[in-house]
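**Student:** File follows, my_file-v8.txt with compact mmCIF, C-alpha atoms:
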# COMPACT_ATOMS: atom_id res chain seq x y z
CA MET A 7 -78.04 -112.35 -59.74
CA THR A 8 -78.14 -108.68 -60.70
CA LEU A 9 -81.02 -108.31 -58.26
CA VAL A 10 -78.89 -109.69 -55.41
CA GLY A 11 -76.01 -107.40 -56.39
CA ILE A 12 -77.99 -104.16 -56.48
CA THR A 13 -79.95 -105.11 -53.35
CA LEU A 14 -76.93 -105.90 -51.20
CA SER A 15 -74.78 -103.06 -52.49
CA SER A 16 -77.52 -100.47 -51.93
CA GLY A 17 -78.12 -101.86 -48.44
CA ILE A 18 -74.46 -101.91 -47.51
CA ILE A 19 -73.91 -98.32 -48.74
CA ALA A 20 -77.03 -97.04 -46.95
CA GLY A 21 -76.02 -98.98 -43.82
CA ILE A 22 -72.53 -97.49 -43.76
CA ILE A 23 -74.00 -93.99 -44.18
CA LEU A 24 -76.37 -94.79 -41.29
CA ALA A 25 -73.43 -95.90 -39.16
CA LEU A 26 -71.52 -92.68 -39.92
CA LEU A 27 -74.60 -90.62 -39.05
CA ASN A 28 -75.01 -92.56 -35.82
CA LEU A 29 -71.35 -92.07 -34.92
CA GLY A 30 -71.79 -88.32 -35.33
CA ILE A 31 -75.30 -87.82 -33.98
CA VAL A 32 -76.43 -90.75 -31.80
CA GLU A 33 -73.10 -91.82 -30.29
CA PRO A 34 -72.87 -88.93 -27.76
CA THR A 35 -76.18 -90.05 -26.20
CA ILE A 36 -74.90 -93.66 -25.99
CA ASP A 37 -71.70 -92.42 -24.32
CA LYS A 38 -73.73 -90.38 -21.82
CA ALA A 39 -75.97 -93.36 -21.03
CA ILE A 40 -72.95 -95.62 -20.48
CA ALA A 41 -71.38 -92.98 -18.20
CA LEU A 42 -74.60 -92.92 -16.14
CA GLU A 43 -74.63 -96.72 -16.03
CA VAL A 44 -71.04 -96.80 -14.74
CA GLN A 45 -71.77 -94.03 -12.23
CA LYS A 46 -74.69 -96.07 -10.90
CA GLN A 47 -72.54 -99.21 -10.61
CA VAL A 48 -69.80 -97.31 -8.75
CA SER A 49 -72.23 -95.64 -6.34
CA SER A 50 -73.79 -99.02 -5.53
CA GLY A 51 -70.34 -100.33 -4.53
CA GLU A 52 -69.85 -102.50 -7.62
CA LYS A 53 -66.30 -102.71 -8.96
CA VAL A 54 -65.92 -101.38 -12.49
CA LYS A 55 -62.80 -102.32 -14.43
CA MET A 56 -62.19 -99.15 -16.42
CA SER A 57 -59.58 -100.72 -18.73
CA GLU A 58 -62.06 -103.46 -19.63
CA LEU A 59 -64.79 -100.90 -20.21
CA ILE A 60 -62.52 -98.84 -22.47
CA ASP A 61 -61.63 -101.99 -24.45
CA TYR A 62 -65.31 -102.81 -24.85
CA ARG A 63 -66.18 -99.28 -26.02
CA TYR A 64 -63.33 -99.38 -28.51
CA TRP A 65 -64.60 -102.71 -29.85
CA GLN A 66 -68.21 -101.44 -29.93
CA LYS A 67 -67.31 -98.25 -31.80
CA ALA A 68 -65.04 -100.16 -34.18
CA GLY A 69 -67.98 -102.39 -35.00
CA ALA A 70 -70.33 -99.54 -35.82
CA LEU A 71 -69.52 -99.45 -39.54
CA ALA A 72 -69.62 -103.23 -39.92
CA GLY A 73 -72.83 -103.33 -37.89
CA GLY A 74 -74.33 -100.70 -40.20
CA ALA A 75 -73.30 -102.63 -43.30
CA ILE A 76 -74.78 -105.89 -41.94
CA TYR A 77 -77.99 -104.16 -40.83
CA GLY A 78 -78.28 -102.41 -44.20
CA ALA A 79 -77.70 -105.61 -46.17
CA GLY A 80 -80.37 -107.39 -44.12
CA LEU A 81 -83.11 -104.81 -44.46
CA ALA A 82 -82.26 -104.20 -48.11
CA SER A 83 -82.76 -107.93 -48.73
CA LEU A 84 -86.33 -107.68 -47.51
CA PHE A 85 -86.75 -104.43 -49.42
CA GLY A 86 -85.51 -106.02 -52.66
CA VAL A 87 -87.86 -108.99 -52.37
CA VAL A 88 -90.89 -106.75 -51.71
CA PHE A 89 -89.89 -104.39 -54.54
CA VAL A 90 -89.71 -107.22 -57.07
CA PHE A 91 -93.29 -108.25 -56.39
CA ALA A 92 -94.86 -104.86 -55.69
CA ARG A 93 -93.13 -102.43 -58.04
CA ASN A 94 -95.96 -102.27 -60.54
CA LYS A 95 -98.57 -101.54 -57.90
CA PHE A 96 -97.32 -98.23 -56.53
CA PRO A 97 -99.14 -94.96 -57.33
CA VAL A 98 -95.94 -93.33 -58.64
CA LYS A 99 -94.29 -93.53 -62.03
CA ASN A 100 -90.56 -94.11 -62.10
CA ASN A 101 -88.50 -96.72 -60.27
CA LYS A 102 -86.69 -94.24 -58.05
CA GLN A 103 -90.01 -92.81 -56.83
CA LYS A 104 -91.36 -96.31 -56.33
CA ALA A 105 -88.32 -97.32 -54.27
CA ILE A 106 -88.56 -94.19 -52.11
CA PHE A 107 -92.31 -94.76 -51.67
CA LEU A 108 -91.72 -98.36 -50.57
CA ALA A 109 -88.87 -97.28 -48.26
CA GLY A 110 -91.23 -94.82 -46.55
CA ILE A 111 -93.83 -97.54 -46.00
CA MET A 112 -91.24 -99.97 -44.66
CA TRP A 113 -89.81 -97.38 -42.25
CA PHE A 114 -93.34 -96.74 -40.98
CA VAL A 115 -94.32 -100.42 -40.71
CA LEU A 116 -91.07 -101.95 -39.46
CA PHE A 117 -89.58 -99.16 -37.38
CA PHE A 118 -91.86 -96.24 -36.50
CA ASN A 119 -94.96 -98.27 -35.71
CA VAL A 120 -92.93 -100.74 -33.65
CA ALA A 121 -91.15 -97.91 -31.84
CA LEU A 122 -94.50 -96.56 -30.62
CA LYS A 123 -94.89 -99.74 -28.52
CA TYR A 124 -91.28 -100.80 -27.96
CA PRO A 125 -89.14 -97.69 -28.49
CA ALA A 126 -85.38 -97.74 -28.83
CA ASN A 127 -83.47 -97.38 -25.58
CA PRO A 128 -79.85 -96.39 -24.96
CA PRO A 129 -77.57 -98.46 -22.71
CA ALA A 130 -78.44 -98.20 -18.99
CA VAL A 131 -82.00 -99.26 -19.75
CA GLY A 132 -82.85 -102.95 -19.72
CA ASP A 133 -82.46 -105.83 -17.31
CA PRO A 134 -80.28 -108.61 -18.83
CA GLU A 135 -82.54 -111.14 -17.11
CA THR A 136 -85.43 -110.13 -19.38
CA ILE A 137 -83.54 -109.87 -22.67
CA TYR A 138 -85.03 -112.98 -24.33
CA TYR A 139 -88.54 -112.00 -23.26
CA ARG A 140 -88.09 -108.50 -24.70
CA GLU A 141 -86.62 -109.93 -27.92
CA ILE A 142 -89.67 -112.16 -28.33
CA LEU A 143 -92.03 -109.21 -27.77
CA TYR A 144 -90.09 -107.07 -30.25
CA VAL A 145 -90.04 -109.73 -32.98
CA ALA A 146 -93.71 -110.54 -32.41
CA TYR A 147 -94.69 -106.89 -32.80
CA ILE A 148 -92.63 -106.50 -35.98
CA MET A 149 -94.28 -109.65 -37.35
CA ILE A 150 -97.75 -108.35 -36.51
CA SER A 151 -97.06 -104.99 -38.15
CA GLY A 152 -95.29 -106.53 -41.16
CA PHE A 153 -97.79 -109.28 -41.90
CA ALA A 154 -100.76 -106.94 -41.31
CA ALA A 155 -99.27 -104.51 -43.83
CA LEU A 156 -98.59 -107.36 -46.27
CA GLY A 157 -102.14 -108.63 -45.93
CA MET A 158 -103.57 -105.16 -46.46
CA ALA A 159 -101.38 -104.70 -49.54
CA VAL A 160 -102.71 -107.95 -51.04
CA ILE A 161 -106.31 -106.90 -50.32
CA TRP A 162 -105.59 -103.44 -51.79
CA ILE A 163 -104.32 -104.98 -55.02
CA ARG A 164 -107.29 -107.39 -55.31
CA THR A 165 -109.96 -104.82 -54.45
CA ARG A 166 -111.55 -103.67 -57.65
CA MET A 167 -113.85 -101.11 -56.05
CA TYR A 168 -111.71 -98.08 -55.47
CA SER A 169 -114.19 -96.55 -53.02
CA LYS A 170 -113.64 -99.52 -50.67
CA ARG A 171 -109.87 -99.07 -50.62
CA ILE A 172 -110.18 -96.29 -48.05
CA LEU A 173 -111.12 -98.99 -45.53
CA ILE A 174 -107.83 -100.84 -45.93
CA PRO A 175 -105.54 -98.38 -44.06
CA LEU A 176 -108.24 -98.18 -41.40
CA ILE A 177 -108.18 -101.98 -40.97
CA TYR A 178 -104.38 -101.85 -40.63
CA ALA A 179 -104.72 -99.08 -38.05
CA ALA A 180 -107.33 -101.12 -36.14
CA ILE A 181 -105.02 -104.17 -36.07
CA MET A 182 -102.12 -102.10 -34.79
CA VAL A 183 -104.19 -100.29 -32.16
CA THR A 184 -105.43 -103.69 -30.93
CA ALA A 185 -101.88 -105.06 -30.89
CA TYR A 186 -100.70 -101.96 -29.03
CA PHE A 187 -103.13 -102.59 -26.19
CA VAL A 188 -103.00 -106.41 -26.19
CA MET A 189 -99.23 -106.89 -26.30
CA PRO A 190 -97.45 -106.66 -22.92
CA SER A 191 -95.36 -103.59 -22.20
CA SER A 192 -91.60 -103.81 -21.83
CA PRO A 193 -90.92 -105.02 -18.27
CA ASP A 194 -87.94 -102.76 -17.68
CA LYS A 195 -88.10 -99.60 -15.63
CA ILE A 196 -86.33 -96.51 -16.89
CA GLU A 197 -84.14 -95.09 -14.17
CA ILE A 198 -82.15 -92.49 -16.08
CA SER A 199 -83.08 -89.03 -17.35
CA MET A 200 -86.10 -89.03 -19.66
CA ASP A 201 -84.53 -86.11 -21.54
CA LEU A 202 -81.67 -88.38 -22.56
CA ILE A 203 -84.10 -91.17 -23.49
CA HIS A 204 -86.28 -88.83 -25.60
CA THR A 205 -83.24 -87.33 -27.32
CA PHE A 206 -81.95 -90.82 -28.13
CA ARG A 207 -85.31 -91.98 -29.48
CA ILE A 208 -85.85 -88.91 -31.66
CA LEU A 209 -82.31 -89.05 -33.07
CA THR A 210 -82.53 -92.77 -33.87
CA ALA A 211 -85.95 -92.34 -35.52
CA ILE A 212 -84.40 -89.64 -37.72
CA THR A 213 -81.25 -91.58 -38.63
CA ILE A 214 -83.19 -94.79 -39.37
CA GLY A 215 -85.60 -92.71 -41.48
CA VAL A 216 -82.65 -91.22 -43.38
CA PHE A 217 -81.29 -94.77 -43.85
CA TRP A 218 -84.55 -95.92 -45.48
CA GLY A 219 -84.62 -92.80 -47.69
CA ILE A 220 -81.05 -93.34 -48.85
CA LEU A 221 -81.73 -97.04 -49.41
CA GLY A 222 -84.71 -96.15 -51.61
CA ILE A 223 -82.75 -93.61 -53.64
CA ILE A 224 -79.73 -95.88 -54.20
CA PHE A 225 -81.82 -98.97 -54.90
CA GLY A 226 -84.08 -97.08 -57.35
CA SER A 227 -81.07 -95.62 -59.14
CA LEU A 228 -79.32 -98.99 -59.43
CA TRP A 229 -82.54 -100.64 -60.57
CA ASP A 230 -82.87 -98.02 -63.33
CA LYS A 231 -79.29 -98.60 -64.37
CA PHE A 232 -79.16 -102.39 -64.32
CA LEU A 233 -82.64 -103.89 -64.25
CA SER A 234 -85.19 -101.60 -65.87
CA LYS A 235 -84.33 -102.44 -69.46
CA GLU A 236 -86.44 -105.42 -70.22
CA GLN A 237 -85.40 -107.05 -73.40
CA THR A 238 -88.10 -107.03 -75.96
CA VAL A 239 -87.76 -109.68 -78.54
CA VAL A 240 -89.86 -109.34 -81.57
CA THR A 241 -90.09 -112.48 -83.56
CA LYS A 242 -91.55 -112.23 -86.92
CA LEU A 243 -93.33 -115.33 -87.93
CA SER A 244 -94.32 -115.80 -91.43
CA MET B 62 -99.80 -113.44 -94.36
CA SER B 63 -97.32 -112.63 -91.57
CA THR B 64 -97.83 -112.73 -87.77
CA THR B 65 -95.83 -110.73 -85.20
CA LYS B 66 -95.34 -112.23 -81.76
CA GLN B 67 -93.91 -109.98 -79.04
CA THR B 68 -92.30 -111.65 -76.05
CA THR B 69 -90.98 -109.75 -73.05
CA VAL B 70 -87.95 -111.37 -71.56
CA LYS B 71 -87.27 -109.91 -68.13
CA SER B 72 -83.70 -109.87 -66.93
CA PHE B 73 -84.56 -111.85 -63.79
CA GLY B 74 -82.89 -115.13 -64.53
CA GLY B 75 -82.91 -117.35 -61.43
CA LEU B 76 -85.40 -115.18 -59.57
CA PRO B 77 -86.48 -117.89 -57.07
CA VAL B 78 -82.83 -118.54 -56.18
CA ALA B 79 -82.18 -114.81 -55.73
CA ILE B 80 -85.22 -114.40 -53.51
CA GLY B 81 -84.30 -117.44 -51.42
CA PHE B 82 -80.78 -116.10 -51.03
CA LEU B 83 -82.03 -112.63 -50.00
CA ILE B 84 -84.39 -114.11 -47.42
CA ALA B 85 -81.49 -116.15 -45.99
CA VAL B 86 -79.39 -112.97 -45.82
CA LEU B 87 -82.26 -111.18 -44.06
CA VAL B 88 -82.63 -113.86 -41.39
CA PHE B 89 -78.89 -114.24 -40.78
CA THR B 90 -78.07 -110.52 -40.67
CA MET B 91 -80.99 -109.66 -38.40
CA PHE B 92 -79.89 -112.40 -36.02
CA VAL B 93 -76.32 -111.07 -36.04
CA VAL B 94 -77.23 -107.41 -35.55
CA GLY B 95 -80.31 -107.77 -33.42
CA TYR B 96 -80.36 -110.97 -31.42
CA ASP B 97 -77.09 -112.81 -30.96
CA GLN B 98 -76.14 -113.10 -27.30
CA GLY B 99 -73.21 -115.43 -27.90
CA GLN B 100 -75.02 -118.21 -29.78
CA LEU B 101 -73.05 -117.98 -33.04
CA PHE B 102 -69.58 -118.06 -31.48
CA SER B 103 -70.68 -120.75 -29.01
CA VAL B 104 -70.50 -123.20 -31.91
CA VAL B 105 -66.71 -122.92 -31.86
CA GLU B 106 -66.00 -121.24 -28.52
CA GLY B 107 -68.38 -123.17 -26.31
CA GLN B 108 -70.09 -121.81 -23.20
CA SER B 109 -67.60 -118.95 -22.78
CA ALA B 110 -69.08 -117.27 -25.88
CA PHE B 111 -72.12 -116.36 -23.79
CA ASP B 112 -69.86 -114.38 -21.47
CA SER B 113 -67.65 -112.68 -24.05
CA LYS B 114 -70.54 -111.99 -26.49
CA TRP B 115 -68.18 -110.76 -29.21
CA ILE B 116 -70.84 -110.29 -31.89
CA HIS B 117 -73.18 -108.66 -29.41
CA GLU B 118 -70.50 -106.15 -28.45
CA PHE B 119 -69.37 -105.65 -32.06
CA THR B 120 -72.89 -104.68 -33.17
CA HIS B 121 -73.77 -103.09 -29.81
CA ASP B 122 -74.21 -99.47 -30.83
CA MET B 123 -76.07 -100.30 -34.05
CA ARG B 124 -78.32 -102.66 -32.08
CA HIS B 125 -79.33 -99.84 -29.73
CA ALA B 126 -79.72 -97.28 -32.53
CA ALA B 127 -81.86 -99.64 -34.61
CA GLY B 128 -84.27 -100.18 -31.73
CA PHE B 129 -83.45 -103.80 -30.85
CA PRO B 130 -83.48 -104.81 -27.19
CA CYS B 131 -79.78 -105.10 -26.34
CA HIS B 132 -79.19 -106.10 -22.69
Can I see the file as structure tokens?
**Tutor:**
Amino acid sequence: MTLVGITLSSGIIAGIILALLNLGIVEPTIDKAIALEVQKQVSSGEKVKMSELIDYRYWQKAGALAGGAIYGAGLASLFGVVFVFARNKFPVKNNKQKAIFLAGIMWFVLFFNVALKYPANPPAVGDPETIYYREILYVAYIMISGFAALGMAVIWIRTRMYSKRILIPLIYAAIMVTAYFVMPSSPDKIEISMDLIHTFRILTAITIGVFWGILGIIFGSLWDKFLSKEQTVVTKLS
Amino acid sequence: MSTTKQTTVKSFGGLPVAIGFLIAVLVFTMFVVGYDQGQLFSVVEGQSAFDSKWIHEFTHDMRHAAGFPCH
């Protein structure tokens, strides 16, 4: 159960740091987007209950740290499982480097690559009527990217001819380019400033990247401390 | 004549259980942060949970920042 302990604790710590970063860096863009959303509702004659909105924002901001901890614990769980099976296959030496290396790959496969097709959006973007459709698209794209990367990793490990390994990232790229063009685009139109959208997307890509980096560093350090010492039992038989 | 046998005992007791547990945590937490639109609370709160969406609102800002579709 040491594995579970170091995995969840590293995820929760990294997730809380992510939440604090988001509160400082990303939150102003969310506030601006919500202000634009309210402005639009008011100008279209819709009644907006400000006290209710303030209550919601209080609840949403209060949940940021818990949300970060839950998000961190979840992604760290996947990270821990992959690390257990793949740690001896990475082209780096110590566990901390291995964990950071894996974190970089997972950020690329599970966030960056997915964001190229279905990028993060602030509030004020998205029709509630299409939420389940967009969720299905998002999960499907993550699954395609994740399982393609997993498949390529297995082929990489089993390929004895090193000269052929160069093809493996190219196959992954081909799968993702195909998925990019085959998968439907998000149905929602963006009706607020693209500057705000771009700022939000860049900032979230950075903070999620920092999250993965911190997760790798903490996980690698905890692994070194609690799990790297394999017990060697030497039994002398006579 | 003496023989030396070296056995490596890895400190991963109960590895399948740990992995199963971590996968369960992954599925549950991703549903909570990324996808719940009232489903979890509807178990105890009924249909009104889909209007109040407490978990959705509680994880709202993280959901946007992490790239999940939110609303």
**Student:** Within 12 Å of Val88 of chain A, counting all atoms listed in the file, which residues show up once you throw out same-chain ones fewer than 5 positions away? Write them as a VMD selection string, please.
**Tutor:** (chain A and resid 9 13 81 to 83 93 to 96 104 to 105 108 to 109 111 to 112 152 155 to 156 159 to 160) or (chain B and resid 80 83 to 84)
**Student:** Given the selection you just returned, output its residues as a file containing C-alpha atoms, formatted as a compact mmCIF listing (two decimals), in the frame of the given file.
**Tutor:**
# COMPACT_ATOMS: atom_id res chain seq x y z
CA LEU A 9 -81.02 -108.31 -58.26
CA THR A 13 -79.95 -105.11 -53.35
CA LEU A 81 -83.11 -104.81 -44.46
CA ALA A 82 -82.26 -104.20 -48.11
CA SER A 83 -82.76 -107.93 -48.73
CA ARG A 93 -93.13 -102.43 -58.04
CA ASN A 94 -95.96 -102.27 -60.54
CA LYS A 95 -98.57 -101.54 -57.90
CA PHE A 96 -97.32 -98.23 -56.53
CA LYS A 104 -91.36 -96.31 -56.33
CA ALA A 105 -88.32 -97.32 -54.27
CA LEU A 108 -91.72 -98.36 -50.57
CA ALA A 109 -88.87 -97.28 -48.26
CA ILE A 111 -93.83 -97.54 -46.00
CA MET A 112 -91.24 -99.97 -44.66
CA GLY A 152 -95.29 -106.53 -41.16
CA ALA A 155 -99.27 -104.51 -43.83
CA LEU A 156 -98.59 -107.36 -46.27
CA ALA A 159 -101.38 -104.70 -49.54
CA VAL A 160 -102.71 -107.95 -51.04
CA ILE B 80 -85.22 -114.40 -53.51
CA LEU B 83 -82.03 -112.63 -50.00
CA ILE B 84 -84.39 -114.11 -47.42
**Student:** Could you tell me which of A:Ile31, A:Met7, A:Ala25, A:Leu221 comes closest to Arg207 of chain A if we count only C-alpha atoms?
**Tutor:**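 When distances to Arg207 of chain A are compared using only C-alpha atoms, the smallest one comes from A:Ile31.
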**Student:** Mind pulling up the distance from atom CA of Thr136 of chain A to atom CA of His132 of chain B?
**Tutor:**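 Answer for the atom CA of His132 of chain B to atom CA of Thr136 of chain A separation: 8.1 Å.
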**Student:** Please report the interatomic distance between atom CA of Leu29 of chain A and atom CA of Val216 of chain A in Å with one decimal.
**Tutor:**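 These atoms are spaced 14.1 Å apart.
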**Student:** Using only the atoms of segment 77-80 of chain B listed in the file, plus 4 Å on each side, state the axis-aligned box centre and edge lengths in Å rounded to one decimal, as lines of an AutoDock Vina configuration file.
**Tutor:**
center_x = -84.3
center_y = -116.5
center_z = -55.3
size_x = 12.3
size_y = 12.1
size_z = 11.6
**Student:** Kindly give the distance, in Å, that separates atom CA of Ile174 of chain A and atom CA of Trp162 of chain A, rounded to a single decimal.
**Tutor:**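 Rounded to one decimal, the two atoms are 6.8 Å apart.
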